[in-house]
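As stored in final38.pdb (PDB, C-alpha atoms, pLDDT in the B column):
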ATOM      1  CA  MET M 366       1.695   0.079  15.520  1.00 85.00           C
ATOM      2  CA  GLY M 367       1.823   1.778  12.147  1.00 93.00           C
ATOM      3  CA  LYS M 368       0.287   4.709  10.303  1.00 97.00           C
ATOM      4  CA  ILE M 369      -1.192   3.293   7.098  1.00 98.00           C
ATOM      5  CA  LEU M 370      -2.458   4.970   3.890  1.00 98.00           C
ATOM      6  CA  VAL M 371      -4.866   2.806   1.857  1.00 98.00           C
ATOM      7  CA  VAL M 372      -4.912   3.427  -1.916  1.00 97.00           C
ATOM      8  CA  ASP M 373      -7.409   1.593  -4.124  1.00 96.00           C
ATOM      9  CA  ASP M 374      -9.989   2.727  -6.662  1.00 94.00           C
ATOM     10  CA  SER M 375     -12.579   0.450  -5.025  1.00 95.00           C
ATOM     11  CA  GLU M 376     -14.327   2.060  -2.064  1.00 96.00           C
ATOM     12  CA  LEU M 377     -15.276  -1.392  -0.760  1.00 95.00           C
ATOM     13  CA  THR M 378     -11.669  -2.590  -0.882  1.00 94.00           C
ATOM     14  CA  ARG M 379     -10.501   0.530   0.991  1.00 96.00           C
ATOM     15  CA  TYR M 380     -13.188  -0.032   3.626  1.00 97.00           C
ATOM     16  CA  LEU M 381     -12.334  -3.732   4.076  1.00 96.00           C
ATOM     17  CA  LEU M 382      -8.600  -3.026   4.328  1.00 96.00           C
ATOM     18  CA  ALA M 383      -9.227  -0.223   6.846  1.00 97.00           C
ATOM     19  CA  GLN M 384     -11.306  -2.558   9.018  1.00 97.00           C
ATOM     20  CA  ILE M 385      -8.576  -5.225   8.954  1.00 97.00           C
ATOM     21  CA  LEU M 386      -5.909  -2.656   9.811  1.00 97.00           C
ATOM     22  CA  LEU M 387      -7.916  -1.177  12.665  1.00 97.00           C
ATOM     23  CA  THR M 388      -8.556  -4.609  14.201  1.00 96.00           C
ATOM     24  CA  GLY M 389      -4.814  -5.238  13.900  1.00 95.00           C
ATOM     25  CA  GLY M 390      -4.118  -2.148  15.999  1.00 96.00           C
ATOM     26  CA  HIS M 391      -2.951   0.108  13.176  1.00 97.00           C
ATOM     27  CA  GLU M 392      -3.977   3.685  12.428  1.00 97.00           C
ATOM     28  CA  VAL M 393      -5.453   4.421   9.000  1.00 98.00           C
ATOM     29  CA  VAL M 394      -4.206   7.956   8.331  1.00 98.00           C
ATOM     30  CA  GLY M 395      -5.969   8.321   4.990  1.00 97.00           C
ATOM     31  CA  GLU M 396      -7.432   6.806   1.864  1.00 97.00           C
ATOM     32  CA  ALA M 397      -7.008   7.606  -1.816  1.00 97.00           C
ATOM     33  CA  SER M 398      -8.796   6.351  -4.917  1.00 96.00           C
ATOM     34  CA  ASP M 399      -6.062   7.009  -7.505  1.00 96.00           C
ATOM     35  CA  GLY M 400      -2.329   7.583  -7.807  1.00 95.00           C
ATOM     36  CA  ILE M 401      -2.490  11.379  -7.973  1.00 96.00           C
ATOM     37  CA  GLU M 402      -4.560  11.551  -4.791  1.00 97.00           C
ATOM     38  CA  ALA M 403      -2.208   9.024  -3.174  1.00 97.00           C
ATOM     39  CA  LEU M 404       0.824  11.250  -3.726  1.00 97.00           C
ATOM     40  CA  GLN M 405      -0.970  14.187  -2.116  1.00 97.00           C
ATOM     41  CA  LYS M 406      -1.976  12.040   0.873  1.00 98.00           C
ATOM     42  CA  VAL M 407       1.606  10.784   1.298  1.00 98.00           C
ATOM     43  CA  ARG M 408       2.765  14.399   1.520  1.00 97.00           C
ATOM     44  CA  GLU M 409      -0.017  15.294   3.992  1.00 97.00           C
ATOM     45  CA  THR M 410       0.040  12.239   6.282  1.00 96.00           C
ATOM     46  CA  ASN M 411       3.622  10.898   6.130  1.00 96.00           C
ATOM     47  CA  PRO M 412       2.485   7.261   6.531  1.00 97.00           C
ATOM     48  CA  ASP M 413       4.720   4.413   7.657  1.00 97.00           C
ATOM     49  CA  VAL M 414       3.171   2.118   5.055  1.00 97.00           C
ATOM     50  CA  VAL M 415       1.100   2.616   1.888  1.00 97.00           C
ATOM     51  CA  ILE M 416      -1.090  -0.228   0.642  1.00 97.00           C
ATOM     52  CA  LEU M 417      -1.243   0.436  -3.099  1.00 95.00           C
ATOM     53  CA  ASP M 418      -3.459  -1.076  -5.788  1.00 92.00           C
ATOM     54  CA  VAL M 419      -1.848  -1.787  -9.174  1.00 88.00           C
ATOM     55  CA  ILE M 420      -4.658  -0.873 -11.563  1.00 86.00           C
ATOM     56  CA  MET M 421      -6.150   2.554 -10.866  1.00 88.00           C
ATOM     57  CA  PRO M 422      -7.319   5.559 -12.867  1.00 88.00           C
ATOM     58  CA  LYS M 423      -5.051   8.584 -13.511  1.00 89.00           C
ATOM     59  CA  MET M 424      -1.827   6.842 -12.444  1.00 88.00           C
ATOM     60  CA  ARG M 425      -1.175   3.112 -12.196  1.00 88.00           C
ATOM     61  CA  GLY M 426       0.339   1.547  -9.097  1.00 87.00           C
ATOM     62  CA  PRO M 427       3.901   0.990 -10.407  1.00 88.00           C
ATOM     63  CA  GLN M 428       4.211   4.645 -11.485  1.00 92.00           C
ATOM     64  CA  THR M 429       2.685   5.807  -8.188  1.00 95.00           C
ATOM     65  CA  LEU M 430       5.195   3.624  -6.342  1.00 94.00           C
ATOM     66  CA  GLU M 431       8.088   5.306  -8.156  1.00 93.00           C
ATOM     67  CA  GLU M 432       6.749   8.745  -7.235  1.00 95.00           C
ATOM     68  CA  ILE M 433       6.218   7.752  -3.574  1.00 96.00           C
ATOM     69  CA  ARG M 434       9.875   6.631  -3.491  1.00 93.00           C
ATOM     70  CA  LYS M 435      10.905  10.158  -4.603  1.00 94.00           C
ATOM     71  CA  ILE M 436       8.641  11.957  -2.106  1.00 95.00           C
ATOM     72  CA  SER M 437       9.161   9.699   0.899  1.00 94.00           C
ATOM     73  CA  PRO M 438      11.925   7.082   0.464  1.00 94.00           C
ATOM     74  CA  GLN M 439      11.447   5.732   4.011  1.00 94.00           C
ATOM     75  CA  THR M 440       7.750   4.914   3.460  1.00 96.00           C
ATOM     76  CA  LYS M 441       7.140   1.219   2.886  1.00 95.00           C
ATOM     77  CA  VAL M 442       4.804   0.342   0.005  1.00 95.00           C
ATOM     78  CA  ILE M 443       2.836  -2.892  -0.153  1.00 95.00           C
ATOM     79  CA  ILE M 444       1.169  -3.687  -3.458  1.00 91.00           C
ATOM     80  CA  CYS M 445      -2.367  -5.050  -3.343  1.00 89.00           C
ATOM     81  CA  SER M 446      -3.599  -6.648  -6.542  1.00 84.00           C
ATOM     82  CA  GLY M 447      -5.628  -9.437  -8.037  1.00 80.00           C
ATOM     83  CA  ASP M 448      -2.895  -9.766 -10.669  1.00 69.00           C
ATOM     84  CA  HIS M 449      -0.279 -11.959  -9.050  1.00 66.00           C
ATOM     85  CA  GLN M 450       1.484 -12.960 -12.252  1.00 67.00           C
ATOM     86  CA  GLU M 451       5.218 -13.251 -11.864  1.00 67.00           C
ATOM     87  CA  HIS M 452       6.052 -10.309 -14.180  1.00 72.00           C
ATOM     88  CA  THR M 453       3.773  -7.969 -12.203  1.00 72.00           C
ATOM     89  CA  VAL M 454       5.300  -8.983  -8.889  1.00 71.00           C
ATOM     90  CA  ARG M 455       8.815  -8.674 -10.326  1.00 74.00           C
ATOM     91  CA  GLU M 456       8.061  -5.201 -11.739  1.00 77.00           C
ATOM     92  CA  VAL M 457       6.803  -3.739  -8.452  1.00 77.00           C
ATOM     93  CA  VAL M 458       9.552  -5.348  -6.371  1.00 76.00           C
ATOM     94  CA  LYS M 459      12.126  -3.858  -8.751  1.00 81.00           C
ATOM     95  CA  LYS M 460      10.514  -0.443  -8.218  1.00 81.00           C
ATOM     96  CA  GLY M 461      10.827  -0.792  -4.446  1.00 86.00           C
ATOM     97  CA  ALA M 462       7.703  -2.531  -3.128  1.00 90.00           C
ATOM     98  CA  SER M 463       8.127  -3.983   0.353  1.00 90.00           C
ATOM     99  CA  GLY M 464       5.441  -6.635  -0.035  1.00 88.00           C
ATOM    100  CA  PHE M 465       2.542  -7.977  -2.063  1.00 88.00           C
ATOM    101  CA  ILE M 466      -1.033  -8.754  -0.984  1.00 89.00           C
ATOM    102  CA  ILE M 467      -3.138 -10.834  -3.366  1.00 86.00           C
ATOM    103  CA  LYS M 468      -6.848 -10.046  -3.816  1.00 86.00           C
ATOM    104  CA  PRO M 469      -9.123 -11.383  -2.580  1.00 89.00           C
ATOM    105  CA  PHE M 470      -7.077 -10.867   0.559  1.00 88.00           C
ATOM    106  CA  LYS M 471      -7.195 -12.617   3.890  1.00 92.00           C
ATOM    107  CA  LYS M 472      -6.934 -10.705   7.169  1.00 94.00           C
ATOM    108  CA  GLU M 473      -3.928 -12.724   8.354  1.00 95.00           C
ATOM    109  CA  ALA M 474      -2.025 -12.137   5.102  1.00 93.00           C
ATOM    110  CA  VAL M 475      -2.679  -8.383   5.195  1.00 95.00           C
ATOM    111  CA  LEU M 476      -1.544  -8.031   8.808  1.00 96.00           C
ATOM    112  CA  GLN M 477       1.499 -10.234   8.211  1.00 95.00           C
ATOM    113  CA  GLU M 478       2.653  -8.042   5.286  1.00 93.00           C
ATOM    114  CA  ILE M 479       2.038  -4.840   7.269  1.00 95.00           C
ATOM    115  CA  ASN M 480       3.858  -6.117  10.344  1.00 94.00           C
ATOM    116  CA  SER M 481       6.762  -7.344   8.216  1.00 93.00           C
ATOM    117  CA  ALA M 482       7.068  -3.955   6.474  1.00 93.00           C
ATOM    118  CA  LEU M 483       6.916  -2.123   9.794  1.00 94.00           C
ATOM    119  CA  ALA M 484       9.542  -4.405  11.333  1.00 92.00           C
ATOM    120  CA  SER M 485      11.904  -3.776   8.407  1.00 82.00           C
ATOM    121  CA  ARG M 486      11.874  -0.009   9.141  1.00 69.00           C
ATOM    122  CA  HIS M 487      14.043  -0.626  12.181  1.00 60.00           C
ATOM    123  CA  THR M 488      16.656  -2.827  10.554  1.00 50.00           C
TER     124      THR M 488
END
Target format structure tokens, applied to this file:
Amino acid sequence: MGKILVVDDSELTRYLLAQILLTGGHEVVGEASDGIEALQKVRETNPDVVILDVIMPKMRGPQTLEEIRKISPQTKVIICSGDHQEHTVREVVKKGASGFIIKPFKKEAVLQEINSALASRHT
């Protein structure tokens, strides 16, 4: 399965995502509460997938996504947000997001996005 980094400014959201990922057989290699911390964790843990919140302190998700692309182009990034308006989705896909999870999230949807991102690494 995959090595996943969970990035969200909500501790509860990080915990819930980690529990879903663990039950899905994935390894949570780290957590971060903002974009700056996320970039450091990407460098340290070299995750297969980053689950990234859009609205965070210090550095918003779209900017963090761009920086992750520079540091680790092979890392898949799945955006996790309560804002599922078309322009937000379009913006993050244009910046290289591999998927989108809508909050409040469902276990099946999270695991489906993760598994899809992991499968696309090998194509």
Ground truth for the PyMOL selection byres ((chain M and resi 469) around 12), written as a PyMOL selection string: chain M and resi 377-378+381-382+445-449+466-468+470-472+474-475
For M:Ile420, which residue out of M:Ile436, M:Leu404, M:Ala484, M:Ile444 is the nearest one, using all atoms listed in the file? M:Ile444
Which residue gives the smallest distance to M:Gly461 among M:Thr429, M:Thr410, M:Ser398, M:Thr388, with all atoms listed in the file counted?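 Closest to M:Gly461 of all the choices is M:Thr429.
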Which value, in Å to one decimal, gives the distance between atom CA of M:Ala383 and atom CA of M:Ser485?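 Pair atom CA of M:Ala383 / atom CA of M:Ser485 returns 21.5 Å.
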Mind giving me the straight-line distance from atom CA of M:Ala462 to atom CA of M:Ile443 in Å, one decimal?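 Computing the Euclidean distance for atom CA of M:Ala462 and atom CA of M:Ile443 yields 5.7 Å.
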Which of these, M:Val419, M:Leu370, M:Val393, M:Val442, has the shortest distance to M:Lys406 once you count only C-alpha atoms? M:Leu370
Taking the file above as input, evaluate the PyMOL selection byres ((chain M and resi 423) around 7) and report the hits as a list in words.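 On this input, the PyMOL selection byres ((chain M and resi 423) around 7) captures Asp399, Gly400, Ile401, Met421, Pro422, Met424 and Arg425 of chain M.
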Quick one, how far is atom CA of M:Leu386 from atom CA of M:Asp374? 17.8 Å
Which residues would end up in the selection if the PyMOL selection byres ((chain M and resi 411) around 12) were applied here, given that I need the answer as a list in words?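 Selection result, ordered by chain and number: Gly367, Lys368, Ile369, Leu370, Val393, Val394, Gly395, Ala403, Leu404, Gln405, Lys406, Val407, Arg408, Glu409, Thr410, Pro412, Asp413, Val414, Val415, Ile433, Ile436, Ser437, Pro438, Gln439, Thr440 and Lys441 of chain M.
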Grab the residues selected above and save them as a compact mmCIF listing (two decimals), in the coordinates of the input with C-alpha atoms.
# COMPACT_ATOMS: atom_id res chain seq x y z
CA GLY M 367 1.82 1.78 12.15
CA LYS M 368 0.29 4.71 10.30
CA ILE M 369 -1.19 3.29 7.10
CA LEU M 370 -2.46 4.97 3.89
CA VAL M 393 -5.45 4.42 9.00
CA VAL M 394 -4.21 7.96 8.33
CA GLY M 395 -5.97 8.32 4.99
CA ALA M 403 -2.21 9.02 -3.17
CA LEU M 404 0.82 11.25 -3.73
CA GLN M 405 -0.97 14.19 -2.12
CA LYS M 406 -1.98 12.04 0.87
CA VAL M 407 1.61 10.78 1.30
CA ARG M 408 2.76 14.40 1.52
CA GLU M 409 -0.02 15.29 3.99
CA THR M 410 0.04 12.24 6.28
CA PRO M 412 2.48 7.26 6.53
CA ASP M 413 4.72 4.41 7.66
CA VAL M 414 3.17 2.12 5.06
CA VAL M 415 1.10 2.62 1.89
CA ILE M 433 6.22 7.75 -3.57
CA ILE M 436 8.64 11.96 -2.11
CA SER M 437 9.16 9.70 0.90
CA PRO M 438 11.92 7.08 0.46
CA GLN M 439 11.45 5.73 4.01
CA THR M 440 7.75 4.91 3.46
CA LYS M 441 7.14 1.22 2.89
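Of the residues listed (M:Leu417, M:Gly464, M:Val371, M:Glu431), M:Val371 shows the shortest atom-to-atom separation from M:Ile385; distances use all atoms listed in the file.
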Determine the nearest neighbour of M:Lys435 from the options M:Ala482, M:Lys460, M:Glu396, M:Thr453, counting all atoms listed in the file. M:Lys460
Under the rule that only C-alpha atoms are counted, which of M:Gly426, M:Arg434, M:Asp418, M:Glu456 is the nearest residue to M:Glu376? M:Asp418
